[in-house]
Amino acid sequence: MVAIVSAVLLFIAFLINAADISTNDTFTSTNLMLLGLTALALHVAGVGSGWAVRGRRR
């Protein structure tokens with residue numbers, strides 16, 4: 001789920017940058033790119049991957 005959020009944020013950042021859309025200071029393509037990279041780093045770290053089963057089933 002976190003990887004999907006990351007992909008959407010990075011795609012929106014790419015569209016803002018490619019279309020040269022002027023936005024306010026907080027909603028820039030760089031800020032969206034950094035949010036997307038943060039979500040991607042959380043995904044790689046294992047956040048949002050679901051519950052892990054600790055015990056061994058027979």
# chains A, B, ... in the order shown; residues from 1 in each chain; ligands from 1
>>> residues_around(residues="stretch 31-42 of chain A", least_positions_apart="4", cutoff="10 Å", atoms="only C-alpha atoms", output="PyMOL selection string")
chain A and resi 1-14+16+25-27+46-49
>>> select_by_dssp(residues="chain A", states="alpha helix (DSSP H)", output="PyMOL selection string")
chain A and resi 2-19+29-45
